[in-house]
Amino acid sequence: MTLPQSFKASAIMPTVAEIRKDFPILEQQVHGHPLAYLDSTASSQKPIQVIEAMNRYYRTTHANVHRGVHYLSEAATTAYENARLNIARFINAPSPKQIIYTRNTTESLNLVAYSWGRANLGPGDEVLITEMEHHSNIVPWQLICEITGATLRYVPITSRGELDMEALDSLLTEKIRVFAFTAMSNVLGTINPVEELVARAHAVGAIAVVDGAQSVPHLPTDVQAMDMDFLAFSSHKMLGPTGMGILYGKRELLEAMPPFMGGGDMIREVKMEGSRWNELPYKFEAGTPAIAEAVGLSAAVDYLRGIGMDWIADHERRITAYAWERLSEVEGLRILGPGPERRGGLISFVLGDVHPHDVAAILDMDGIAVRAGHHCAQPIHDHYCIPATTRASFYIYNTEEEVDRLVMALYKAKAMFDL
């Protein structure tokens, strides 16, 4: 295990100041102000260790994988498959064969919906999701239900932004074949009780599909302890490069599923009369893959492991609680979702009747990067009868000083709009 460069020789527990030294992008100024990057929920920044790992791969190792017997191809294949093993260990998957490379969380969830869904769903079956899902865990299930004749149902959320567990009692029946839910809402920040929800799905014979896009980068994740059937997450939200996603699945489910896409590397034999599929995980990985991106994600996993996921979770709890307290002081500002004790490192809010895009533009002029919009989660905003929110999100490199700058800029926005 390799510790990040900036605190390799320092105390075991890093400081945020030490961590920030590994992120060169944070050193710049925006509109004459130091950059305060509060948009990691959308996409995290990358430490120099990830950037250098990908650069080193391209400079010394690049070739196509699984296809050549020459030195570079074998070296690239080794790096690519070692990354898979590293990722499997990070989430405690039983085998790297259960780690499927995709482009992102969206593709991972679509893979499950189409491959497992087309093979297992039919008229009379039901699929259960929640009202707090990202569109990537809504639309694929809508589409597969249209194809198979299954019925889509959803668990509503309460006024506090938590799942309505009483409604879940009536919805989670033996008709449910799959329960797909987010581990952490990208709008409300709500941390759902994953192990309880998985157990309840299994109790009625359903499989549990977990959207871990917001949880895996921030919280310790053990797929065996949590007993989830599928877990989807993305590299770019956990310090890694874009263009790389992961699908973990239980082996017996993956073995039984048909391929998601056809092409090279996912086949064992091709004849004009028909084809036979490759073994796991390659059955689901058609075409030339994102090799450098796998290497980059592996370096990101090393970085996160070097810091410690418990440290990361504790840091985000502290900074989120501080942000909650400071933002609550701003008159006319409304925070969506549960209190800081039940949420991850993000806060979505509305400021009076000012459109969130205007708020975000004003914050940007002070060098503060936030996200504004419906965050690919329109049903949540419909629930609260608002078109959009402004979202500030936090990660390992954020500080309380940046929260203070956010609040000061919001007071400027209030003054500009005479609130």
# chains A, B, ... in the order shown; residues from 1 in each chain; ligands from 1
>>> residues_around(residues="Leu219 in chain A", least_positions_apart="4", cutoff="9 Å", atoms="only C-alpha atoms", output="PDB file with N, CA and C atoms, in the first residue's frame")
ATOM      1  N   GLN A 214     -22.368   7.881  -5.331  1.00  0.00           N
ATOM      2  CA  GLN A 214     -22.064   8.885  -4.315  1.00  0.00           C
ATOM      3  C   GLN A 214     -21.530   8.284  -3.024  1.00  0.00           C
ATOM      4  N   SER A 215     -21.666   7.003  -2.831  1.00  0.00           N
ATOM      5  CA  SER A 215     -21.240   6.396  -1.565  1.00  0.00           C
ATOM      6  C   SER A 215     -19.841   5.809  -1.625  1.00  0.00           C
ATOM      7  N   MET A 309     -10.534   5.260   4.304  1.00  0.00           N
ATOM      8  CA  MET A 309     -11.924   5.618   4.066  1.00  0.00           C
ATOM      9  C   MET A 309     -12.615   6.090   5.339  1.00  0.00           C
ATOM     10  N   ASP A 310     -12.200   5.587   6.488  1.00  0.00           N
ATOM     11  CA  ASP A 310     -12.781   6.075   7.744  1.00  0.00           C
ATOM     12  C   ASP A 310     -12.407   7.537   7.975  1.00  0.00           C
ATOM     13  N   ILE A 312     -11.725   9.710   5.658  1.00  0.00           N
ATOM     14  CA  ILE A 312     -12.474  10.487   4.671  1.00  0.00           C
ATOM     15  C   ILE A 312     -13.904  10.716   5.145  1.00  0.00           C
ATOM     16  N   ALA A 313     -14.551   9.659   5.632  1.00  0.00           N
ATOM     17  CA  ALA A 313     -15.932   9.790   6.109  1.00  0.00           C
ATOM     18  C   ALA A 313     -16.009  10.754   7.291  1.00  0.00           C
ATOM     19  N   GLY A 344     -24.559  12.657   3.580  1.00  0.00           N
ATOM     20  CA  GLY A 344     -23.174  12.671   3.140  1.00  0.00           C
ATOM     21  C   GLY A 344     -22.707  14.084   2.881  1.00  0.00           C
TER      22      GLY A 344
END
>>> residues_around(residues="Leu419 in chain A", least_positions_apart="5", cutoff="10 Å", atoms="only C-alpha atoms", output="PyMOL selection string")
chain A and resi 331-332+351-354+411+413-414
>>> closest_atom_pairs(of="range 27-69 of chain A", to="range 359-378 of chain A", cutoff="6 Å", atoms="only C-alpha atoms", output="JSON lines")
{"residue": "A:Val30", "atom": "CA", "partner": "A:Gly367", "partner_atom": "CA", "distance": 4.8}
{"residue": "A:His31", "atom": "CA", "partner": "A:Met365", "partner_atom": "CA", "distance": 5.8}
{"residue": "A:His33", "atom": "CA", "partner": "A:Gly367", "partner_atom": "CA", "distance": 5.1}
{"residue": "A:Leu35", "atom": "CA", "partner": "A:Gly367", "partner_atom": "CA", "distance": 4.9}
{"residue": "A:Ala36", "atom": "CA", "partner": "A:Ile368", "partner_atom": "CA", "distance": 4.7}
{"residue": "A:Tyr37", "atom": "CA", "partner": "A:Ala369", "partner_atom": "CA", "distance": 5.0}
{"residue": "A:Leu38", "atom": "CA", "partner": "A:Val370", "partner_atom": "CA", "distance": 5.2}
{"residue": "A:Asp39", "atom": "CA", "partner": "A:Val370", "partner_atom": "CA", "distance": 5.0}
>>> select_by_dssp(residues="range 40-103 of chain A", states="strand (DSSP E)", output="list in words")
Ile99, Ile100, Tyr101 and Thr102 of chain A
>>> write_last_selection(atoms="C-alpha atoms", output="tab-separated table (two decimals), in the first residue's frame")
chain	number	residue	atom	x	y	z
A	99	ILE	CA	-15.61	-6.60	-11.48
A	100	ILE	CA	-16.98	-5.48	-14.86
A	101	TYR	CA	-15.42	-2.46	-16.51
A	102	THR	CA	-17.95	-0.01	-17.99
>>> residues_around(residues="Thr148 in chain A", least_positions_apart="3", cutoff="10 Å", atoms="only C-alpha atoms", output="PyMOL selection string")
chain A and resi 117-125+143-145+151
>>> select_by_dssp(residues="range 101-197 of chain A", states="alpha helix (DSSP H)", output="compact mmCIF listing (two decimals) with N, CA and C atoms, in the first residue's frame")
# COMPACT_ATOMS: atom_id res chain seq x y z
N THR A 105 -21.25 4.87 -14.07
CA THR A 105 -22.34 4.27 -13.31
C THR A 105 -23.56 4.05 -14.19
N THR A 106 -23.84 4.99 -15.06
CA THR A 106 -25.01 4.90 -15.95
C THR A 106 -24.96 3.63 -16.78
N GLU A 107 -23.81 3.35 -17.40
CA GLU A 107 -23.71 2.14 -18.22
C GLU A 107 -23.82 0.89 -17.35
N SER A 108 -23.26 0.94 -16.14
CA SER A 108 -23.35 -0.22 -15.25
C SER A 108 -24.81 -0.54 -14.92
N LEU A 109 -25.59 0.48 -14.62
CA LEU A 109 -27.00 0.26 -14.28
C LEU A 109 -27.79 -0.19 -15.51
N ASN A 110 -27.48 0.38 -16.66
CA ASN A 110 -28.13 -0.08 -17.89
C ASN A 110 -27.80 -1.52 -18.19
N LEU A 111 -26.55 -1.93 -17.93
CA LEU A 111 -26.15 -3.31 -18.16
C LEU A 111 -27.04 -4.27 -17.35
N GLY A 117 -32.56 -7.82 -16.70
CA GLY A 117 -33.99 -7.55 -16.82
C GLY A 117 -34.66 -8.26 -17.97
N ARG A 118 -34.02 -8.25 -19.14
CA ARG A 118 -34.63 -8.91 -20.30
C ARG A 118 -34.73 -10.41 -20.10
N ALA A 119 -33.81 -10.96 -19.33
CA ALA A 119 -33.81 -12.41 -19.10
C ALA A 119 -34.74 -12.85 -17.98
N ASN A 120 -35.12 -11.92 -17.11
CA ASN A 120 -35.82 -12.33 -15.89
C ASN A 120 -37.16 -11.65 -15.63
N VAL A 139 -34.57 5.79 -15.61
CA VAL A 139 -34.89 5.60 -17.03
C VAL A 139 -34.60 4.18 -17.53
N PRO A 140 -33.47 3.55 -17.18
CA PRO A 140 -33.28 2.17 -17.66
C PRO A 140 -34.38 1.22 -17.22
N TRP A 141 -34.89 1.41 -16.00
CA TRP A 141 -35.96 0.54 -15.52
C TRP A 141 -37.29 0.87 -16.20
N GLN A 142 -37.51 2.14 -16.52
CA GLN A 142 -38.70 2.49 -17.30
C GLN A 142 -38.65 1.80 -18.66
N LEU A 143 -37.49 1.85 -19.30
CA LEU A 143 -37.35 1.26 -20.63
C LEU A 143 -37.50 -0.25 -20.59
N ILE A 144 -36.89 -0.90 -19.60
CA ILE A 144 -36.96 -2.36 -19.58
C ILE A 144 -38.35 -2.83 -19.20
N CYS A 145 -39.07 -2.06 -18.40
CA CYS A 145 -40.44 -2.42 -18.08
C CYS A 145 -41.34 -2.31 -19.31
N GLU A 146 -41.08 -1.31 -20.15
CA GLU A 146 -41.84 -1.19 -21.40
C GLU A 146 -41.59 -2.40 -22.30
N ILE A 147 -40.35 -2.85 -22.32
CA ILE A 147 -39.98 -3.98 -23.19
C ILE A 147 -40.56 -5.29 -22.67
N THR A 148 -40.51 -5.51 -21.35
CA THR A 148 -40.86 -6.81 -20.78
C THR A 148 -42.31 -6.91 -20.30
N MET A 165 -40.35 4.60 4.95
CA MET A 165 -40.21 3.17 5.26
C MET A 165 -41.57 2.50 5.46
N GLU A 166 -42.59 3.24 5.87
CA GLU A 166 -43.94 2.66 5.98
C GLU A 166 -44.47 2.31 4.61
N ALA A 167 -44.24 3.18 3.64
CA ALA A 167 -44.66 2.89 2.27
C ALA A 167 -43.89 1.69 1.73
N LEU A 168 -42.63 1.59 2.10
CA LEU A 168 -41.83 0.45 1.65
C LEU A 168 -42.44 -0.87 2.11
N ASP A 169 -43.00 -0.88 3.31
CA ASP A 169 -43.61 -2.10 3.83
C ASP A 169 -44.70 -2.63 2.90
N SER A 170 -45.49 -1.72 2.34
CA SER A 170 -46.60 -2.14 1.47
C SER A 170 -46.15 -2.39 0.04
N LEU A 171 -45.07 -1.75 -0.37
CA LEU A 171 -44.61 -1.88 -1.76
C LEU A 171 -43.73 -3.10 -1.99
N VAL A 194 -28.30 0.75 3.59
CA VAL A 194 -28.11 -0.22 2.50
C VAL A 194 -28.32 -1.64 2.97
N GLU A 195 -27.68 -2.03 4.06
CA GLU A 195 -27.79 -3.42 4.49
C GLU A 195 -29.23 -3.79 4.82
N GLU A 196 -29.96 -2.89 5.46
CA GLU A 196 -31.37 -3.17 5.78
C GLU A 196 -32.19 -3.31 4.52
N LEU A 197 -31.98 -2.40 3.54
CA LEU A 197 -32.76 -2.45 2.31
C LEU A 197 -32.44 -3.70 1.49
>>> residues_around(residues="Gly68 in chain A", least_positions_apart="6", cutoff="10 Å", atoms="only C-alpha atoms", output="ChimeraX atom specification")
/A:74,76-77
>>> closest_residue(among="A:Ile246, A:Ile191, A:Met272, A:Ala388", to="Leu231 in chain A", atoms="only C-alpha atoms")
A:Ile246
>>> residues_around(residues="Glu316 in chain A", least_positions_apart="6", cutoff="9 Å", atoms="only C-alpha atoms", output="ChimeraX atom specification")
/A:218,344-346,394-396,398
>>> write_last_selection(atoms="C-alpha atoms", output="PDB file, in the first residue's frame")
ATOM      1  CA  HIS A 218     -16.849   8.668   0.488  1.00  0.00           C
ATOM      2  CA  GLY A 344     -23.174  12.671   3.140  1.00  0.00           C
ATOM      3  CA  GLY A 345     -20.899  15.502   2.054  1.00  0.00           C
ATOM      4  CA  LEU A 346     -23.261  17.697   0.084  1.00  0.00           C
ATOM      5  CA  PHE A 394     -17.313  18.432  -0.233  1.00  0.00           C
ATOM      6  CA  TYR A 395     -14.441  15.988  -0.474  1.00  0.00           C
ATOM      7  CA  ILE A 396     -11.050  15.293   1.028  1.00  0.00           C
ATOM      8  CA  ASN A 398     -12.202  20.991   1.137  1.00  0.00           C
TER       9      ASN A 398
END
>>> closest_residue(among="A:Pro356, A:Pro217, A:Asp164, A:Trp324", to="Glu341 in chain A", atoms="only C-alpha atoms")
A:Trp324
>>> residues_around(residues="Asp229 in chain A", least_positions_apart="3", cutoff="9 Å", atoms="only C-alpha atoms", output="list in words")
Val198, Ile207, Ala208, Val209, Val210, Val223, Tyr248, Gly249, Lys250 and Leu253 of chain A
>>> residues_around(residues="range 91-93 of chain A", least_positions_apart="4", cutoff="7 Å", atoms="only C-alpha atoms", output="MDAnalysis selection string")
chainID A and resid 87 221:224
>>> closest_residue(among="A:Gly243, A:Pro281, A:Gly149, A:Pro338", to="Asn104 in chain A", atoms="only C-alpha atoms")
A:Gly243
